[in-house]
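What follows is the content of coords-v6.csv, which has CSV, N, CA and C atoms:
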chain,number,residue,atom,x,y,z
A,122,MET,N,-0.9,-39.5,-7.5
A,122,MET,CA,-0.9,-38.8,-6.2
A,122,MET,C,-0.1,-37.5,-6.4
A,123,ALA,N,-0.5,-36.5,-5.7
A,123,ALA,CA,0.2,-35.2,-5.8
A,123,ALA,C,1.2,-35.2,-4.6
A,124,ARG,N,2.4,-35.3,-5.0
A,124,ARG,CA,3.5,-35.2,-4.0
A,124,ARG,C,4.0,-33.8,-3.6
A,125,SER,N,3.6,-32.9,-4.5
A,125,SER,CA,4.1,-31.5,-4.2
A,125,SER,C,3.1,-30.7,-3.3
A,126,VAL,N,2.0,-31.4,-2.9
A,126,VAL,CA,1.0,-30.7,-2.0
A,126,VAL,C,1.7,-30.5,-0.6
A,127,LYS,N,1.4,-29.4,-0.1
A,127,LYS,CA,1.9,-29.1,1.3
A,127,LYS,C,1.2,-30.0,2.3
A,128,GLN,N,1.9,-30.8,3.0
A,128,GLN,CA,1.3,-31.8,3.9
A,128,GLN,C,0.7,-31.2,5.1
A,129,ARG,N,1.3,-30.1,5.6
A,129,ARG,CA,0.8,-29.5,6.9
A,129,ARG,C,0.0,-28.3,6.7
A,130,ALA,N,-0.7,-28.2,5.6
A,130,ALA,CA,-1.5,-27.0,5.3
A,130,ALA,C,-2.5,-26.6,6.4
A,131,ALA,N,-3.0,-27.6,7.1
A,131,ALA,CA,-4.0,-27.4,8.1
A,131,ALA,C,-3.4,-26.7,9.4
A,132,ASP,N,-2.1,-26.8,9.5
A,132,ASP,CA,-1.4,-26.3,10.6
A,132,ASP,C,-1.0,-24.8,10.5
A,133,THR,N,-1.1,-24.3,9.3
A,133,THR,CA,-0.8,-22.9,9.1
A,133,THR,C,-2.0,-22.0,9.1
A,134,PRO,N,-1.9,-20.8,9.7
A,134,PRO,CA,-3.1,-19.9,9.8
A,134,PRO,C,-3.5,-19.4,8.4
A,135,LEU,N,-4.8,-19.1,8.3
A,135,LEU,CA,-5.3,-18.6,7.0
A,135,LEU,C,-4.7,-17.2,6.8
A,136,ARG,N,-4.6,-16.4,7.9
A,136,ARG,CA,-4.0,-15.1,7.8
A,136,ARG,C,-3.3,-14.8,9.1
A,137,LYS,N,-2.4,-14.0,9.1
A,137,LYS,CA,-1.7,-13.6,10.3
A,137,LYS,C,-2.6,-12.8,11.2
A,138,ALA,N,-2.7,-13.2,12.5
A,138,ALA,CA,-3.5,-12.5,13.5
A,138,ALA,C,-2.7,-11.5,14.2
A,139,THR,N,-3.0,-10.3,14.0
A,139,THR,CA,-2.3,-9.2,14.7
A,139,THR,C,-3.2,-8.3,15.4
A,140,PRO,N,-3.1,-8.3,16.8
A,140,PRO,CA,-4.0,-7.5,17.6
A,140,PRO,C,-3.6,-6.0,17.4
A,141,ASP,N,-4.6,-5.1,17.6
A,141,ASP,CA,-4.3,-3.7,17.6
A,141,ASP,C,-3.4,-3.4,18.8
A,142,PRO,N,-2.6,-2.3,18.7
A,142,PRO,CA,-1.6,-2.0,19.7
A,142,PRO,C,-2.3,-1.9,21.1
A,143,HIS,N,-3.5,-1.3,21.2
A,143,HIS,CA,-4.1,-1.2,22.5
A,143,HIS,C,-4.5,-2.5,23.1
A,144,TRP,N,-4.7,-3.5,22.3
A,144,TRP,CA,-5.0,-4.9,22.9
A,144,TRP,C,-3.8,-5.3,23.7
A,145,LYS,N,-2.6,-5.0,23.3
A,145,LYS,CA,-1.4,-5.4,24.0
A,145,LYS,C,-1.2,-4.7,25.4
A,146,GLN,N,-2.0,-3.6,25.6
A,146,GLN,CA,-1.9,-2.9,26.9
A,146,GLN,C,-2.9,-3.5,27.9
A,147,LEU,N,-3.8,-4.3,27.5
A,147,LEU,CA,-4.9,-4.9,28.4
A,147,LEU,C,-4.3,-5.8,29.4
A,148,ARG,N,-4.8,-5.7,30.6
A,148,ARG,CA,-4.4,-6.5,31.7
A,148,ARG,C,-5.6,-7.1,32.4
A,149,GLN,N,-5.4,-8.3,33.1
A,149,GLN,CA,-6.5,-8.9,33.8
A,149,GLN,C,-7.1,-7.9,34.8
A,150,GLY,N,-8.4,-7.8,34.8
A,150,GLY,CA,-9.1,-7.0,35.7
A,150,GLY,C,-9.4,-5.6,35.2
A,151,ASP,N,-8.8,-5.2,34.0
A,151,ASP,CA,-9.1,-3.9,33.4
A,151,ASP,C,-10.6,-3.8,33.0
A,152,ARG,N,-11.2,-2.7,33.2
A,152,ARG,CA,-12.5,-2.4,32.8
A,152,ARG,C,-12.5,-2.0,31.3
A,153,VAL,N,-13.3,-2.6,30.5
A,153,VAL,CA,-13.3,-2.4,29.1
A,153,VAL,C,-14.7,-2.2,28.5
A,154,ARG,N,-14.7,-1.7,27.3
A,154,ARG,CA,-15.9,-1.5,26.5
A,154,ARG,C,-15.7,-2.4,25.2
A,155,VAL,N,-16.6,-3.3,25.0
A,155,VAL,CA,-16.5,-4.2,23.8
A,155,VAL,C,-17.4,-3.6,22.7
A,156,LEU,N,-16.8,-3.3,21.6
A,156,LEU,CA,-17.6,-2.8,20.4
A,156,LEU,C,-17.8,-4.0,19.5
A,157,LEU,N,-18.9,-4.7,19.6
A,157,LEU,CA,-19.2,-5.9,18.8
A,157,LEU,C,-19.5,-5.6,17.3
A,158,SER,N,-20.3,-4.7,17.1
A,158,SER,CA,-20.7,-4.2,15.7
A,158,SER,C,-21.4,-2.9,15.9
A,159,PRO,N,-21.6,-2.1,14.8
A,159,PRO,CA,-22.2,-0.8,15.0
A,159,PRO,C,-23.5,-0.9,15.7
A,160,GLY,N,-23.6,-0.2,16.8
A,160,GLY,CA,-24.8,-0.2,17.6
A,160,GLY,C,-24.9,-1.3,18.7
A,161,PHE,N,-23.9,-2.2,18.7
A,161,PHE,CA,-23.9,-3.2,19.7
A,161,PHE,C,-22.6,-3.1,20.6
A,162,GLU,N,-22.8,-2.7,21.8
A,162,GLU,CA,-21.7,-2.5,22.7
A,162,GLU,C,-22.0,-3.2,24.0
A,163,ALA,N,-20.9,-3.5,24.7
A,163,ALA,CA,-21.1,-4.1,26.1
A,163,ALA,C,-19.9,-3.7,26.9
A,164,SER,N,-20.0,-3.6,28.2
A,164,SER,CA,-18.9,-3.3,29.1
A,164,SER,C,-18.7,-4.5,30.0
A,165,GLY,N,-17.5,-4.6,30.5
A,165,GLY,CA,-17.1,-5.7,31.3
A,165,GLY,C,-15.7,-5.6,31.9
A,166,ALA,N,-15.2,-6.7,32.4
A,166,ALA,CA,-13.8,-6.7,32.9
A,166,ALA,C,-13.0,-7.8,32.2
A,167,VAL,N,-11.8,-7.5,31.9
A,167,VAL,CA,-10.9,-8.5,31.3
A,167,VAL,C,-10.7,-9.6,32.3
A,168,ASP,N,-10.9,-10.9,31.8
A,168,ASP,CA,-10.7,-12.0,32.7
A,168,ASP,C,-9.3,-12.7,32.4
A,169,THR,N,-9.1,-13.0,31.2
A,169,THR,CA,-7.9,-13.7,30.8
A,169,THR,C,-7.4,-13.2,29.4
A,170,ILE,N,-6.1,-13.2,29.2
A,170,ILE,CA,-5.5,-12.8,27.9
A,170,ILE,C,-4.5,-13.8,27.5
A,171,THR,N,-4.5,-14.2,26.2
A,171,THR,CA,-3.5,-15.1,25.7
A,171,THR,C,-2.1,-14.4,25.7
A,172,ALA,N,-1.1,-15.2,25.7
A,172,ALA,CA,0.3,-14.6,25.8
A,172,ALA,C,0.6,-13.7,24.6
A,173,ASP,N,0.0,-14.0,23.5
A,173,ASP,CA,0.3,-13.2,22.3
A,173,ASP,C,-0.7,-12.1,22.1
A,174,HIS,N,-1.6,-11.9,23.0
A,174,HIS,CA,-2.7,-10.9,23.0
A,174,HIS,C,-3.6,-11.0,21.8
A,175,THR,N,-3.8,-12.1,21.2
A,175,THR,CA,-4.7,-12.2,20.1
A,175,THR,C,-6.1,-12.6,20.5
A,176,ALA,N,-6.2,-13.2,21.8
A,176,ALA,CA,-7.6,-13.5,22.3
A,176,ALA,C,-7.7,-13.1,23.7
A,177,VAL,N,-8.9,-12.6,24.0
A,177,VAL,CA,-9.2,-12.0,25.3
A,177,VAL,C,-10.6,-12.5,25.8
A,178,TRP,N,-10.6,-13.0,27.0
A,178,TRP,CA,-11.9,-13.4,27.7
A,178,TRP,C,-12.3,-12.1,28.5
A,179,VAL,N,-13.6,-11.8,28.3
A,179,VAL,CA,-14.2,-10.6,29.0
A,179,VAL,C,-15.4,-11.1,29.8
A,180,HIS,N,-15.5,-10.8,31.1
A,180,HIS,CA,-16.7,-11.0,31.9
A,180,HIS,C,-17.6,-9.8,31.6
A,181,LEU,N,-18.8,-10.0,31.0
A,181,LEU,CA,-19.7,-8.9,30.7
A,181,LEU,C,-20.5,-8.5,31.9
A,182,ASP,N,-20.7,-7.2,32.0
A,182,ASP,CA,-21.5,-6.7,33.2
A,182,ASP,C,-23.0,-7.2,33.1
A,183,GLY,N,-23.6,-7.1,34.2
A,183,GLY,CA,-25.1,-7.4,34.3
A,183,GLY,C,-25.4,-8.9,34.2
A,184,GLY,N,-24.4,-9.7,34.6
A,184,GLY,CA,-24.6,-11.2,34.6
A,184,GLY,C,-24.8,-11.8,33.2
A,185,ARG,N,-24.2,-11.1,32.2
A,185,ARG,CA,-24.4,-11.6,30.8
A,185,ARG,C,-23.3,-12.6,30.4
A,186,GLY,N,-22.6,-13.1,31.4
A,186,GLY,CA,-21.6,-14.2,31.1
A,186,GLY,C,-20.2,-13.7,30.6
A,187,ARG,N,-19.5,-14.6,30.1
A,187,ARG,CA,-18.1,-14.4,29.7
A,187,ARG,C,-18.1,-14.6,28.2
A,188,ILE,N,-17.3,-13.8,27.5
A,188,ILE,CA,-17.2,-13.9,26.0
A,188,ILE,C,-15.7,-14.0,25.6
A,189,LEU,N,-15.4,-14.8,24.6
A,189,LEU,CA,-14.1,-14.9,24.1
A,189,LEU,C,-14.0,-14.1,22.8
A,190,LEU,N,-13.1,-13.2,22.8
A,190,LEU,CA,-12.9,-12.3,21.6
A,190,LEU,C,-11.5,-12.5,21.0
A,191,HIS,N,-11.5,-12.6,19.7
A,191,HIS,CA,-10.2,-12.8,19.0
A,191,HIS,C,-10.0,-11.6,18.1
A,192,CYS,N,-8.7,-11.2,17.9
A,192,CYS,CA,-8.4,-10.0,17.2
A,192,CYS,C,-8.9,-10.1,15.7
A,193,GLY,N,-9.1,-11.3,15.2
A,193,GLY,CA,-9.6,-11.4,13.9
A,193,GLY,C,-11.1,-11.5,13.7
A,194,ASP,N,-11.8,-11.3,14.9
A,194,ASP,CA,-13.3,-11.3,14.9
A,194,ASP,C,-14.0,-10.1,14.4
A,195,GLY,N,-13.2,-9.0,14.2
A,195,GLY,CA,-13.8,-7.8,13.8
A,195,GLY,C,-14.4,-7.0,14.9
A,196,VAL,N,-14.0,-7.3,16.1
A,196,VAL,CA,-14.5,-6.5,17.3
A,196,VAL,C,-13.4,-5.7,17.8
A,197,ASP,N,-13.7,-4.7,18.7
A,197,ASP,CA,-12.7,-3.9,19.3
A,197,ASP,C,-12.9,-3.9,20.8
A,198,ILE,N,-11.9,-3.8,21.5
A,198,ILE,CA,-11.9,-3.7,23.0
A,198,ILE,C,-11.2,-2.5,23.4
A,199,LEU,N,-11.9,-1.6,24.0
A,199,LEU,CA,-11.3,-0.3,24.4
A,199,LEU,C,-11.3,-0.2,26.0
A,200,PRO,N,-10.2,0.2,26.5
A,200,PRO,CA,-10.1,0.5,28.0
A,200,PRO,C,-11.1,1.6,28.3
A,201,CYS,N,-11.7,1.5,29.5
A,201,CYS,CA,-12.7,2.5,29.9
A,201,CYS,C,-12.1,3.9,30.0
A,202,GLY,N,-10.8,4.1,30.1
A,202,GLY,CA,-10.2,5.4,30.2
A,202,GLY,C,-10.4,6.1,28.9
A,203,GLU,N,-10.6,5.4,27.8
A,203,GLU,CA,-10.8,6.0,26.5
A,203,GLU,C,-12.3,6.2,26.1
A,204,THR,N,-13.1,5.6,26.8
A,204,THR,CA,-14.6,5.6,26.5
A,204,THR,C,-15.4,5.4,27.7
A,205,ASP,N,-16.6,5.8,27.7
A,205,ASP,CA,-17.5,5.7,28.9
A,205,ASP,C,-17.9,4.2,29.0
A,206,CYS,N,-17.9,3.7,30.1
A,206,CYS,CA,-18.3,2.2,30.3
A,206,CYS,C,-19.6,2.0,31.0
A,207,ARG,N,-20.5,3.0,31.0
A,207,ARG,CA,-21.8,2.8,31.5
A,207,ARG,C,-22.7,2.2,30.5
A,208,ASP,N,-23.5,1.2,30.8
A,208,ASP,CA,-24.5,0.6,29.9
A,208,ASP,C,-25.8,1.4,30.0
Transcribe the structure of this file into structure tokens.
Amino acid sequence: MARSVKQRAADTPLRKATPDPHWKQLRQGDRVRVLLSPGFEASGAVDTITADHTAVWVHLDGGRGRILLHCGDGVDILPCGETDCRD
């Protein structure tokens, strides 16, 4: 048996999740533009934010539902003040 194996390896994150500085400025109700990947964008309103600002729920416009975004997902969330939010 390997006794030197870290017993709680499943409890540690694979990499540190650090949100971009502008994610920390987001507040519930803010109008945002979600940049999912090149050419795929959506606008909506911030619904909920985790205390550490690593995850954000956004209600998408046009009845497209709600989406959970994590800072490690490779997406970006920009306040509408920085970009146009019309679809």
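Atom N of His143 (chain A) is found 8.9 Å from atom N of Leu199 (chain A).
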Residues within 6 Å of Cys192 (chain A), only N, CA and C atoms, excluding chain neighbours under 3 positions, as a PDB file with N, CA and C atoms, keeping the file's coordinate frame:
ATOM      1  N   THR A 139      -3.000 -10.300  14.000  1.00  0.00           N
ATOM      2  CA  THR A 139      -2.300  -9.200  14.700  1.00  0.00           C
ATOM      3  C   THR A 139      -3.200  -8.300  15.400  1.00  0.00           C
ATOM      4  N   PRO A 140      -3.100  -8.300  16.800  1.00  0.00           N
ATOM      5  CA  PRO A 140      -4.000  -7.500  17.600  1.00  0.00           C
ATOM      6  C   PRO A 140      -3.600  -6.000  17.400  1.00  0.00           C
ATOM      7  N   THR A 175      -3.800 -12.100  21.200  1.00  0.00           N
ATOM      8  CA  THR A 175      -4.700 -12.200  20.100  1.00  0.00           C
ATOM      9  C   THR A 175      -6.100 -12.600  20.500  1.00  0.00           C
ATOM     10  N   ALA A 176      -6.200 -13.200  21.800  1.00  0.00           N
ATOM     11  CA  ALA A 176      -7.600 -13.500  22.300  1.00  0.00           C
ATOM     12  C   ALA A 176      -7.700 -13.100  23.700  1.00  0.00           C
ATOM     13  N   GLY A 195     -13.200  -9.000  14.200  1.00  0.00           N
ATOM     14  CA  GLY A 195     -13.800  -7.800  13.800  1.00  0.00           C
ATOM     15  C   GLY A 195     -14.400  -7.000  14.900  1.00  0.00           C
ATOM     16  N   VAL A 196     -14.000  -7.300  16.100  1.00  0.00           N
ATOM     17  CA  VAL A 196     -14.500  -6.500  17.300  1.00  0.00           C
ATOM     18  C   VAL A 196     -13.400  -5.700  17.800  1.00  0.00           C
TER      19      VAL A 196
END
At a cut-off of 8 Å around the point (-20.4, -11.3, 21.8) (file coordinates), what residues fall inside when counting only C-alpha atoms? I'd like the answer as a PDB file with N, CA and C atoms, in the coordinates of the input.
ATOM      1  N   LEU A 157     -18.900  -4.700  19.600  1.00  0.00           N
ATOM      2  CA  LEU A 157     -19.200  -5.900  18.800  1.00  0.00           C
ATOM      3  C   LEU A 157     -19.500  -5.600  17.300  1.00  0.00           C
ATOM      4  N   ILE A 188     -17.300 -13.800  27.500  1.00  0.00           N
ATOM      5  CA  ILE A 188     -17.200 -13.900  26.000  1.00  0.00           C
ATOM      6  C   ILE A 188     -15.700 -14.000  25.600  1.00  0.00           C
ATOM      7  N   LEU A 189     -15.400 -14.800  24.600  1.00  0.00           N
ATOM      8  CA  LEU A 189     -14.100 -14.900  24.100  1.00  0.00           C
ATOM      9  C   LEU A 189     -14.000 -14.100  22.800  1.00  0.00           C
ATOM     10  N   LEU A 190     -13.100 -13.200  22.800  1.00  0.00           N
ATOM     11  CA  LEU A 190     -12.900 -12.300  21.600  1.00  0.00           C
ATOM     12  C   LEU A 190     -11.500 -12.500  21.000  1.00  0.00           C
TER      13      LEU A 190
END
Which residues, written as a list in words, have at least one atom at most 12 Å from Ala172 (chain A), with only C-alpha atoms counted and residues fewer than 2 positions away on the same chain left out? Pro140, Trp144, Lys145, Gln146, Leu147, Arg148, Gln149, Thr169, Ile170, His174, Thr175, Ala176 and Val177 of chain A
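The gap separating CA of Arg152 (chain A) from CA of Cys201 (chain A) is 5.7 Å, in Å to one decimal.
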Would you work out the distance separating CA of Gly150 (chain A) from atom N of Asp194 (chain A), expressed in Å to one decimal?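 Calculated distance between CA of Gly150 (chain A) and atom N of Asp194 (chain A) is 21.4 Å.
Using only N, CA and C atoms, the residues found no farther than 6 Å from Ala166 (chain A), other than those of its own chain fewer than 2 positions away, are Gly150, Asp151, Arg152, Val153, Ser164, Asp168, Trp178, Val179, His180, Leu181 and Asp182 of chain A.
The protein and nucleic acid residues lying at most 10 Å from Ser158 (chain A) are A:Val155, A:Leu156, A:Gly160, A:Phe161, A:Glu162, A:Gly195, A:Val196, A:Asp197, with only C-alpha atoms considered and sequence neighbours fewer than 2 positions away removed.
Between Pro200 (chain A) and the residues A:Lys137, A:Pro142, A:Gly184, A:Arg154, the shortest atom-to-atom distance, using all atoms listed in the file, involves A:Arg154.
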How big is the axis-aligned box, and where does its centre sit, when it encloses all atoms of region 144-155 of chain A listed in the file and has 3 Å added on every side, reported in Å to one decimal as AutoDock Vina command-line options?
--center_x -9.3 --center_y -5.2 --center_z 29.0 --size_x 22.2 --size_y 13.4 --size_z 19.4
DSSP strand (DSSP E) residues within region 151-181 of chain A, as a list of chain:residue names: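 Residues meeting the strand (DSSP E) criterion: A:Arg152, A:Val153, A:Arg154, A:Val155, A:Leu156, A:Leu157, A:Ser158, A:Phe161, A:Glu162, A:Ala163, A:Ser164, A:Gly165, A:Ala166, A:Val167, A:Asp168, A:Thr169, A:Ile170, A:Ala176, A:Val177, A:Trp178, A:Val179, A:His180, A:Leu181.
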